[in-house]
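> The structure file protein23.txt (compact mmCIF, C-alpha atoms (C1' of nucleotides)) is provided below.
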# COMPACT_ATOMS: atom_id res chain seq x y z
CA MET L 1 -235.18 -281.85 40.01
CA GLN L 2 -232.18 -279.73 40.58
CA LEU L 3 -231.64 -281.12 44.06
CA ASN L 4 -232.07 -284.63 42.79
CA GLU L 5 -229.44 -284.07 40.17
CA LYS L 6 -227.12 -282.59 42.70
CA TYR L 7 -227.54 -285.55 44.98
CA LYS L 8 -226.76 -287.80 42.08
CA GLU L 9 -223.54 -285.94 41.56
CA VAL L 10 -222.64 -286.25 45.23
CA LEU L 11 -223.42 -289.94 45.13
CA LEU L 12 -221.24 -290.31 42.07
CA TYR L 13 -218.49 -288.46 43.83
CA GLY L 14 -218.82 -290.70 46.88
CA ILE L 15 -218.63 -293.80 44.74
CA SER L 16 -215.57 -292.47 42.96
CA MET L 17 -214.01 -291.74 46.30
CA ALA L 18 -214.71 -295.20 47.56
CA MET L 19 -213.32 -296.75 44.39
CA LEU L 20 -210.18 -294.74 44.73
CA VAL L 21 -209.73 -295.84 48.33
CA LEU L 22 -210.21 -299.41 47.20
CA LEU L 23 -207.66 -298.89 44.48
CA LEU L 24 -205.31 -297.57 47.11
CA LYS L 25 -205.78 -300.57 49.30
CA TRP L 26 -205.28 -302.87 46.40
CA LEU L 27 -202.08 -301.17 45.44
CA GLU L 28 -200.94 -301.26 49.03
CA ALA L 29 -201.54 -304.97 49.20
CA HIS L 30 -200.05 -305.97 45.87
CA PHE L 31 -197.07 -303.80 45.40
CA ILE L 32 -194.04 -303.78 47.57
CA ILE L 33 -192.67 -300.97 45.52
CA LEU L 34 -195.05 -298.81 47.42
CA ASN L 35 -192.77 -298.63 50.37
CA TYR L 36 -189.75 -297.80 48.34
CA ARG L 37 -191.42 -295.21 46.22
CA LEU L 38 -193.74 -293.76 48.70
CA ASP L 39 -193.35 -290.16 47.56
CA LEU L 40 -194.11 -291.13 43.99
CA PHE L 41 -197.17 -292.96 45.15
CA ILE L 42 -198.28 -290.00 47.19
CA GLY L 43 -197.68 -287.78 44.20
CA VAL L 44 -199.92 -289.95 42.08
CA ILE L 45 -202.56 -289.84 44.78
CA ALA L 46 -202.22 -286.11 45.03
CA ILE L 47 -202.62 -285.60 41.29
CA LEU L 48 -205.48 -288.06 41.17
CA PHE L 49 -207.40 -286.31 43.86
CA MET L 50 -206.61 -282.93 42.50
CA VAL L 51 -208.06 -283.97 39.19
CA LEU L 52 -211.02 -285.34 41.07
CA GLY L 53 -211.36 -282.05 42.86
CA ILE L 54 -211.24 -280.14 39.62
CA TRP L 55 -213.76 -282.44 38.06
CA LEU L 56 -215.95 -282.11 41.11
CA ALA L 57 -215.78 -278.38 41.03
CA PHE L 58 -216.76 -278.36 37.40
CA LYS L 59 -219.58 -280.78 37.96
CA LEU L 60 -221.09 -279.51 41.17
CA VAL L 61 -220.60 -275.83 41.08
CA LYS L 62 -223.07 -273.87 39.07
CA PRO L 63 -221.25 -272.10 36.28
CA LYS L 64 -219.95 -268.78 37.35
CA VAL L 65 -221.97 -266.33 35.36
CA GLU L 66 -220.88 -262.79 35.24
CA THR L 67 -223.76 -260.78 33.98
CA ARG L 68 -222.60 -257.69 32.31
CA ILE L 69 -225.38 -255.30 31.60
CA ILE L 70 -224.79 -252.88 28.82
CA GLU L 71 -227.18 -250.09 28.35
CA LYS L 72 -227.55 -249.41 24.71
CA GLU L 73 -229.12 -246.15 23.90
CA ILE L 74 -231.44 -246.38 20.99
CA TYR L 75 -232.44 -243.20 19.40
CA ILE L 76 -235.89 -243.31 18.05
CA ASP L 77 -236.94 -240.87 15.45
CA ASN L 78 -240.38 -239.59 16.26
CA THR L 79 -241.01 -238.25 12.85
CA VAL L 80 -242.03 -240.72 10.26
CA PRO L 81 -238.78 -240.92 8.33
CA LYS L 82 -240.43 -240.13 5.05
CA GLU L 83 -240.64 -243.32 3.15
CA ILE L 84 -239.87 -243.28 -0.50
CA ASP L 85 -242.93 -242.61 -2.54
CA THR L 86 -242.87 -245.48 -4.99
CA ASN L 87 -246.19 -244.35 -6.28
CA GLU L 88 -244.74 -241.01 -7.27
CA ILE L 89 -241.84 -242.77 -8.94
CA LYS L 90 -244.21 -244.85 -11.00
CA LYS L 91 -246.31 -241.85 -11.80
CA LEU L 92 -243.29 -240.05 -13.15
CA GLY L 93 -242.17 -243.16 -15.02
CA ILE L 94 -238.72 -243.26 -13.49
CA SER L 95 -237.02 -246.60 -14.02
CA LYS L 96 -234.86 -248.56 -11.58
CA ARG L 97 -231.63 -247.59 -13.22
CA GLU L 98 -232.64 -243.98 -13.41
CA LEU L 99 -233.41 -244.02 -9.71
CA GLU L 100 -229.99 -245.45 -9.01
CA VAL L 101 -228.38 -242.66 -10.96
CA LEU L 102 -230.58 -240.12 -9.23
CA ASP L 103 -229.47 -241.44 -5.86
CA LEU L 104 -225.84 -241.12 -6.79
CA ILE L 105 -226.38 -237.66 -8.18
CA ALA L 106 -227.92 -236.66 -4.86
CA ALA L 107 -224.97 -238.23 -3.08
CA GLY L 108 -222.82 -235.69 -4.87
CA LEU L 109 -221.14 -237.93 -7.42
CA SER L 110 -220.13 -236.67 -10.82
CA ASN L 111 -221.37 -238.43 -13.94
CA ASP L 112 -217.96 -239.96 -14.38
CA GLU L 113 -217.92 -241.31 -10.85
CA ILE L 114 -221.42 -242.69 -11.30
CA ALA L 115 -220.36 -244.37 -14.53
CA LYS L 116 -217.49 -246.07 -12.76
CA LYS L 117 -219.64 -247.10 -9.84
CA LEU L 118 -222.33 -248.60 -12.03
CA PHE L 119 -219.86 -250.09 -14.51
CA VAL L 120 -221.36 -248.30 -17.48
CA SER L 121 -220.07 -245.66 -19.82
CA LEU L 122 -220.21 -241.95 -19.18
CA ASN L 123 -222.60 -241.59 -22.07
CA THR L 124 -225.02 -244.01 -20.51
CA VAL L 125 -225.05 -242.04 -17.30
CA LYS L 126 -225.65 -238.91 -19.26
CA THR L 127 -228.55 -240.51 -21.06
CA HIS L 128 -230.05 -241.62 -17.79
CA SER L 129 -229.62 -238.29 -16.11
CA SER L 130 -231.07 -236.51 -19.10
CA SER L 131 -234.18 -238.66 -19.00
CA ILE L 132 -234.39 -238.06 -15.27
CA PHE L 133 -234.35 -234.31 -15.80
CA LEU L 134 -236.99 -234.71 -18.47
CA LYS L 135 -239.24 -236.75 -16.22
CA LEU L 136 -238.72 -234.51 -13.23
CA ASP L 137 -239.13 -231.48 -15.46
CA VAL L 138 -235.95 -229.83 -14.28
CA LYS L 139 -232.90 -228.44 -16.00
CA ARG L 140 -230.04 -229.20 -13.63
CA ARG L 141 -228.97 -231.98 -11.35
CA THR L 142 -229.20 -229.69 -8.36
CA GLN L 143 -232.82 -228.99 -9.21
CA ALA L 144 -233.37 -232.69 -9.65
CA ILE L 145 -232.01 -233.30 -6.17
CA GLU L 146 -234.22 -230.64 -4.68
CA LYS L 147 -237.36 -231.85 -6.39
CA ALA L 148 -236.68 -235.53 -5.85
CA LYS L 149 -236.23 -234.93 -2.14
CA ARG L 150 -239.32 -232.81 -2.01
CA LEU L 151 -241.35 -235.54 -3.71
CA ASN L 152 -239.82 -238.20 -1.46
CA ILE L 153 -238.40 -240.02 -4.40
CA ILE L 154 -235.04 -240.19 -2.69
CA HIS L 155 -233.87 -239.79 0.89
CA MET M 1 -203.18 -258.40 30.95
CA GLN M 2 -205.44 -261.41 30.82
CA LEU M 3 -202.54 -263.68 30.08
CA ASN M 4 -200.55 -262.10 32.85
CA GLU M 5 -203.32 -262.77 35.32
CA LYS M 6 -203.61 -266.32 34.19
CA TYR M 7 -199.87 -266.85 34.55
CA LYS M 8 -200.12 -265.44 38.05
CA GLU M 9 -202.71 -268.04 38.86
CA VAL M 10 -200.55 -270.80 37.47
CA LEU M 11 -197.58 -269.52 39.42
CA LEU M 12 -199.62 -269.41 42.59
CA TYR M 13 -200.72 -272.93 41.95
CA GLY M 14 -197.15 -274.07 41.42
CA ILE M 15 -196.05 -272.47 44.66
CA SER M 16 -198.90 -274.12 46.55
CA MET M 17 -197.94 -277.41 45.03
CA ALA M 18 -194.32 -277.01 46.04
CA MET M 19 -195.28 -276.02 49.55
CA LEU M 20 -197.48 -279.05 49.90
CA VAL M 21 -194.68 -281.31 48.72
CA LEU M 22 -192.40 -279.69 51.27
CA LEU M 23 -195.01 -280.26 53.94
CA LEU M 24 -195.15 -283.86 52.87
CA LYS M 25 -191.42 -284.27 53.17
CA TRP M 26 -191.40 -282.62 56.53
CA LEU M 27 -194.12 -284.87 57.79
CA GLU M 28 -192.31 -287.86 56.37
CA ALA M 29 -189.15 -286.90 58.19
CA HIS M 30 -190.60 -285.96 61.58
CA PHE M 31 -193.34 -288.38 62.20
CA ILE M 32 -192.81 -292.01 62.58
CA ILE M 33 -196.53 -292.37 62.79
CA LEU M 34 -196.44 -292.10 59.06
CA ASN M 35 -195.58 -295.67 58.56
CA TYR M 36 -198.17 -296.85 60.98
CA ARG M 37 -200.95 -294.70 59.74
CA LEU M 38 -200.17 -294.58 56.09
CA ASP M 39 -203.75 -294.73 54.91
CA LEU M 40 -204.73 -291.87 57.13
CA PHE M 41 -201.83 -289.84 55.83
CA ILE M 42 -202.78 -290.65 52.28
CA GLY M 43 -206.34 -289.69 53.04
CA VAL M 44 -205.18 -286.33 54.32
CA ILE M 45 -203.10 -285.84 51.22
CA ALA M 46 -206.03 -286.81 49.07
CA ILE M 47 -208.36 -284.38 50.73
CA LEU M 48 -205.75 -281.66 50.66
CA PHE M 49 -205.15 -282.00 46.97
CA MET M 50 -208.77 -282.36 46.22
CA VAL M 51 -209.38 -279.09 47.97
CA LEU M 52 -206.51 -277.66 45.99
CA GLY M 53 -208.09 -278.98 42.82
CA ILE M 54 -211.42 -277.44 43.69
CA TRP M 55 -209.79 -274.15 44.54
CA LEU M 56 -207.86 -274.31 41.28
CA ALA M 57 -210.97 -274.99 39.30
CA PHE M 58 -212.63 -272.02 40.90
CA LYS M 59 -209.71 -269.79 40.23
CA LEU M 60 -208.80 -270.81 36.74
CA VAL M 61 -212.18 -271.22 35.19
CA LYS M 62 -213.05 -268.09 33.35
CA PRO M 63 -216.44 -266.89 34.35
CA LYS M 64 -219.03 -267.30 31.70
CA VAL M 65 -219.74 -263.74 30.76
CA GLU M 66 -223.31 -263.18 29.93
CA THR M 67 -223.64 -259.86 28.26
CA ARG M 68 -227.10 -258.59 28.54
CA ILE M 69 -227.83 -255.62 26.41
CA ILE M 70 -230.60 -253.48 27.68
CA GLU M 71 -232.02 -251.23 25.07
CA LYS M 72 -232.83 -247.87 26.40
CA GLU M 73 -235.13 -245.97 24.17
CA ILE M 74 -234.43 -242.34 23.76
CA TYR M 75 -236.91 -240.30 21.88
CA ILE M 76 -235.46 -237.52 19.88
CA ASP M 77 -237.35 -234.32 20.00
CA ASN M 78 -238.12 -233.76 16.41
CA THR M 79 -240.83 -231.22 16.90
CA VAL M 80 -238.28 -228.69 15.78
CA PRO M 81 -236.68 -230.73 13.04
CA LYS M 82 -233.04 -230.01 12.83
CA GLU M 83 -232.14 -226.45 13.45
CA ILE M 84 -229.31 -224.89 11.58
CA ASP M 85 -226.01 -225.49 13.30
CA THR M 86 -224.59 -221.99 13.53
CA ASN M 87 -221.74 -223.35 15.54
CA GLU M 88 -220.73 -225.60 12.68
CA ILE M 89 -220.97 -222.67 10.30
CA LYS M 90 -218.63 -220.64 12.46
CA LYS M 91 -216.29 -223.57 12.84
CA LEU M 92 -216.05 -223.89 9.08
CA GLY M 93 -215.65 -220.14 8.70
CA ILE M 94 -218.50 -219.74 6.27
CA SER M 95 -219.58 -216.13 5.88
CA LYS M 96 -223.10 -214.74 5.60
CA ARG M 97 -222.89 -214.18 1.90
CA GLU M 98 -221.44 -217.59 1.29
CA LEU M 99 -224.29 -219.13 3.23
CA GLU M 100 -226.76 -217.25 1.07
CA VAL M 101 -225.13 -218.62 -2.03
CA LEU M 102 -225.05 -222.10 -0.52
CA ASP M 103 -228.77 -221.89 0.18
CA LEU M 104 -229.52 -220.93 -3.37
CA ILE M 105 -227.25 -223.64 -4.71
CA ALA M 106 -229.18 -226.16 -2.63
CA ALA M 107 -232.39 -224.70 -3.97
CA GLY M 108 -231.21 -225.78 -7.39
CA LEU M 109 -230.32 -222.40 -8.85
CA SER M 110 -227.56 -221.99 -11.39
CA ASN M 111 -224.72 -219.59 -10.73
CA ASP M 112 -226.25 -217.17 -13.18
CA GLU M 113 -229.61 -217.27 -11.47
CA ILE M 114 -227.93 -216.76 -8.12
CA ALA M 115 -226.01 -213.78 -9.49
CA LYS M 116 -229.21 -212.18 -10.70
CA LYS M 117 -231.03 -212.88 -7.46
CA LEU M 118 -228.27 -211.39 -5.33
CA PHE M 119 -227.56 -208.55 -7.75
CA VAL M 120 -223.93 -209.45 -8.15
CA SER M 121 -221.87 -210.61 -11.07
CA LEU M 122 -221.50 -214.22 -12.13
CA ASN M 123 -217.84 -214.09 -11.20
CA THR M 124 -218.70 -213.08 -7.66
CA VAL M 125 -221.00 -216.05 -7.31
CA LYS M 126 -218.26 -218.27 -8.65
CA THR M 127 -215.82 -216.88 -6.13
CA HIS M 128 -218.27 -217.49 -3.32
CA SER M 129 -219.10 -220.97 -4.42
CA SER M 130 -215.45 -221.81 -4.82
CA SER M 131 -214.68 -220.68 -1.30
CA ILE M 132 -217.67 -222.63 -0.06
CA PHE M 133 -216.34 -225.77 -1.71
CA LEU M 134 -212.97 -225.10 -0.18
CA LYS M 135 -214.40 -224.67 3.31
CA LEU M 136 -216.66 -227.68 2.99
CA ASP M 137 -213.85 -229.66 1.45
CA VAL M 138 -215.86 -230.75 -1.56
CA LYS M 139 -215.40 -230.54 -5.30
CA ARG M 140 -218.89 -230.04 -6.67
CA ARG M 141 -222.02 -228.14 -5.74
CA THR M 142 -223.93 -231.39 -5.42
CA GLN M 143 -221.41 -232.58 -2.86
CA ALA M 144 -221.70 -229.25 -1.11
CA ILE M 145 -225.46 -229.69 -0.87
CA GLU M 146 -225.11 -233.17 0.53
CA LYS M 147 -222.52 -232.21 3.10
CA ALA M 148 -224.20 -228.97 4.11
CA LYS M 149 -227.47 -230.80 4.75
CA ARG M 150 -225.66 -233.49 6.65
CA LEU M 151 -223.98 -230.91 8.86
CA ASN M 152 -227.24 -229.03 9.32
CA ILE M 153 -225.79 -225.94 7.79
CA ILE M 154 -228.77 -225.59 5.54
CA HIS M 155 -232.29 -226.98 5.58
C1' DA V 1 -242.79 -265.18 -31.06
C1' DT V 2 -243.43 -260.37 -31.03
C1' DC V 3 -243.52 -255.84 -29.36
C1' DA V 4 -242.46 -252.11 -26.13
C1' DA V 5 -239.87 -250.38 -22.71
C1' DA V 6 -235.46 -250.29 -20.59
C1' DA V 7 -230.63 -250.09 -20.76
C1' DT V 8 -226.67 -249.48 -23.16
C1' DC V 9 -223.39 -246.56 -25.92
C1' DA V 10 -221.57 -242.99 -29.38
C1' DC V 11 -220.58 -238.27 -31.16
C1' DC V 12 -220.97 -233.43 -31.22
C1' DC V 13 -221.54 -228.99 -29.38
C1' DG V 14 -222.69 -225.36 -26.46
C1' DA V 15 -223.57 -224.06 -21.72
C1' DA V 16 -222.56 -224.21 -17.03
C1' DA V 17 -219.50 -225.10 -13.44
C1' DG V 18 -215.17 -224.92 -11.33
C1' DT V 19 -209.91 -223.39 -10.86
C1' DA V 20 -206.34 -220.07 -10.53
C1' DT V 21 -204.83 -215.66 -9.85
C1' DG V 22 -205.12 -211.02 -8.99
C1' DA V 23 -207.13 -206.92 -7.29
C1' DA V 24 -209.88 -203.20 -5.01
C1' DG V 25 -213.12 -201.12 -1.64
C1' DG V 26 -215.10 -201.40 2.94
C1' DA V 27 -215.98 -202.90 7.61
C1' DA V 28 -214.53 -204.73 11.84
C1' DA V 29 -211.03 -206.07 14.94
C1' DA V 30 -206.46 -205.56 16.94
C1' DT E 1 -204.21 -196.91 12.65
C1' DT E 2 -202.95 -200.91 10.79
C1' DT E 3 -204.37 -205.44 9.74
C1' DT E 4 -207.50 -208.85 8.59
C1' DC E 5 -211.53 -210.52 6.67
C1' DC E 6 -215.52 -209.94 3.67
C1' DT E 7 -217.30 -208.76 -0.53
C1' DT E 8 -216.92 -207.61 -4.90
C1' DC E 9 -215.23 -208.22 -9.70
C1' DA E 10 -212.19 -209.66 -13.73
C1' DT E 11 -209.71 -212.71 -17.01
C1' DA E 12 -208.31 -216.97 -18.68
C1' DC E 13 -208.50 -221.69 -18.74
C1' DT E 14 -210.20 -226.58 -17.78
C1' DT E 15 -213.66 -229.72 -16.62
C1' DT E 16 -218.20 -231.21 -16.21
C1' DC E 17 -222.86 -231.00 -17.56
C1' DG E 18 -226.72 -231.19 -20.51
C1' DG E 19 -229.16 -231.32 -25.16
C1' DG E 20 -229.86 -233.48 -29.44
C1' DT E 21 -229.83 -237.38 -32.28
C1' DG E 22 -229.34 -242.00 -33.37
C1' DA E 23 -228.37 -246.84 -32.65
C1' DT E 24 -227.99 -251.66 -30.58
C1' DT E 25 -228.98 -254.98 -27.18
C1' DT E 26 -231.78 -256.84 -23.15
C1' DT E 27 -235.61 -257.77 -20.96
C1' DG E 28 -240.38 -258.32 -19.77
C1' DA E 29 -244.96 -258.84 -20.97
C1' DT E 30 -248.56 -260.29 -24.09
Translate the structure described by the file into structure tokens.

Amino acid sequence: MQLNEKYKEVLLYGISMAMLVLLLKWLEAHFIILNYRLDLFIGVIAILFMVLGIWLAFKLVKPKVETRIIEKEIYIDNTVPKEIDTNEIKKLGISKRELEVLDLIAAGLSNDEIAKKLFVSLNTVKTHSSSIFLKLDVKRRTQAIEKAKRLNIIH
Amino acid sequence: MQLNEKYKEVLLYGISMAMLVLLLKWLEAHFIILNYRLDLFIGVIAILFMVLGIWLAFKLVKPKVETRIIEKEIYIDNTVPKEIDTNEIKKLGISKRELEVLDLIAAGLSNDEIAKKLFVSLNTVKTHSSSIFLKLDVKRRTQAIEKAKRLNIIH
DNA sequence: ATCAAAATCACCCGAAAGTATGAAGGAAAA
DNA sequence: TTTTCCTTCATACTTTCGGGTGATTTTGAT
């Protein structure tokens, strides 16, 4: 298949070549200008064949492929990365929004920062965090972080 | 750099072109055969420029870069999951006592509870925690917990 | 359509946390 | 022996947190 195709290309090239030679002859026979503007004629020929050469190169030569091998080191954590225990979350009755707040608390944000991030008022965040503490049975946000991580409620 | 290289190629091509034209002129001037064997001469020119075209195509065409990324799996030894980075502690200039306080903060204790546990005054704990925040470049204890865990300063 | 849970917000007040500054005793390093 | 750092403590002040209570609006499920 590949050889066949290649031969086709060569054939095509040969035909093109022949046609160009014919064209040359024709020009030679019909134009007297040829003799007076020989260099121009030669220039045209040169450009024509150069283009042909370029085209040929593109057609016949298999695309130059530069294979660049990059070794990418992938670190694989052996330990099961402690998936979030949705069951525990349900069991404690912690809502989606509360979990969001809990996450941000664990990230170290203040209530005010959380409020701004979630586009709610400070009071709302306080309400949420209070109910979180109630459900987690803790008194402070730091305790909440500790317990939530221990229970795999957050990362 | 890439552009520079490309311009070099173009320049080289131009020079080759000029030299060929010169060759042409020289041939034209010194060989009377030219007139008698015009077609042969043209054929030579054709072949010459075709070769030039092929060469040009080879030179100018940017190689198709095929980046093959080989993923090399590296298993992290997690049998001893994240030891405390004493080097990091030293680098941050965190003292023994401060680390103790930091541990208790991460455990969810209040400053008062920490004071009682370490048999020091509340003010002392505050001083320690303040200097911890300064050294960790954080503003709140929750942030300190997050950063300390991230830097493997505490468990 | 109705009912319950979830989410939103407000106000007050006290507690806890954090800042700033200063200071004193002790241990280790220069 | 100085000097530096650690540890301790204090006072005063500001900010943030958390509790309590109540209320409205959404939303989801029956």
> Could you list the residues in chain V lying within 12 Å of chain L, using only C-alpha atoms (C1' of nucleotides), and format the result as a list in words?
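Taken together, these residues fit the definition: DA5, DA6, DA7, DT8, DC9, DA10, DC11, DA15, DA16 and DA17 of chain V.
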> Within 9 Å of Asn111 (chain L), counting all atoms listed in the file, which residues show up once you throw out same-chain ones fewer than 6 positions away? Write them as a PyMOL selection string, please.
(chain L and resi 101+104-105+122-123+125-126+129) or (chain E and resi 16-17)
> Just the number, please: distance in Å from CA of Ala107 (chain M) to CA of Lys82 (chain M), one decimal.
17.6 Å
> Report as a VMD selection string all protein, DNA and RNA residues lying within 10 Å of DA28 (chain V), evaluated on all atoms listed in the file, omitting residues in the same chain fewer than 6 positions from it.
chain E and resid 4 to 6
> Take the residues from that selection and put them in a file with C-alpha atoms (C1' of nucleotides), as a PDB file, keeping the file's coordinate frame.

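Written file, result_11.pdb:
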ATOM      1  C1'  DT E   4    -207.500-208.850   8.590  1.00  0.00           C
ATOM      2  C1'  DC E   5    -211.530-210.520   6.670  1.00  0.00           C
ATOM      3  C1'  DC E   6    -215.520-209.940   3.670  1.00  0.00           C
TER       4       DC E   6
END
> Which is closest to chain E among L:Lys116, L:Lys91, L:Arg141, L:Lys135, if we use all atoms listed in the file?
L:Arg141
> Counting only C-alpha atoms (C1' of nucleotides), a student should be able to say which residues of chain E come within 12 Å of chain L; what is the right answer, written as a PyMOL selection string?
chain E and resi 15-21
> So the first atom is CA of Asp137 (chain M) and the second is CA of Gly93 (chain M); what is the distance between them in Å, to one decimal place?
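Interatomic distance here is 12.1 Å.
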> Take C1' of DT25 (chain E) and CA of Lys90 (chain L) and report the distance between them in Å, one decimal.
24.4 Å
> Can you work out which one of M:Ser131, M:Asn87, M:Asn152, M:Gln143 has the shortest atom-to-atom distance to chain L, counting all atoms listed in the file?
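Counting all atoms listed in the file, the residue closest to chain L is M:Gln143.
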> For Ala106 (chain L), which residue out of M:Met19, M:Ile145, M:Ile132, M:Ile47 is the nearest one, using all atoms listed in the file?
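Nearest candidate to Ala106 (chain L) out of M:Met19, M:Ile145, M:Ile132, M:Ile47: M:Ile145.
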> So which one's closest to chain L, M:Ile89, M:Leu99, M:Leu134, M:Ile45? Using all atoms listed in the file, please.
M:Ile45
> Output as lines of an AutoDock Vina configuration file the centre and edge lengths (Å, one decimal) of the box along x, y and z of the file that holds every listed atom of region 3-22 of chain E after adding 4 Å on each side.

center_x = -217.1
center_y = -223.7
center_z = -11.8
size_x = 33.5
size_y = 44.6
size_z = 51.1
> Have a look at L:Ile153, L:Leu109, L:Leu92, L:Ala148 and name the one nearest to chain M; count all atoms listed in the file.
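Smallest distance to chain M is found for L:Leu109.
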> Within 12 Å of DG22 (chain V), counting all atoms listed in the file, which residues show up once you throw out same-chain ones fewer than 6 positions away? Write them as a PyMOL selection string, please.
chain E and resi 9-12
> Which residue out of L:Ile84, L:Ala144, L:Gly108, L:Ile94 has the minimum interatomic distance to chain M when all atoms listed in the file are used?
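Between L:Ile84, L:Ala144, L:Gly108, L:Ile94, the residue approaching chain M most closely is L:Gly108.
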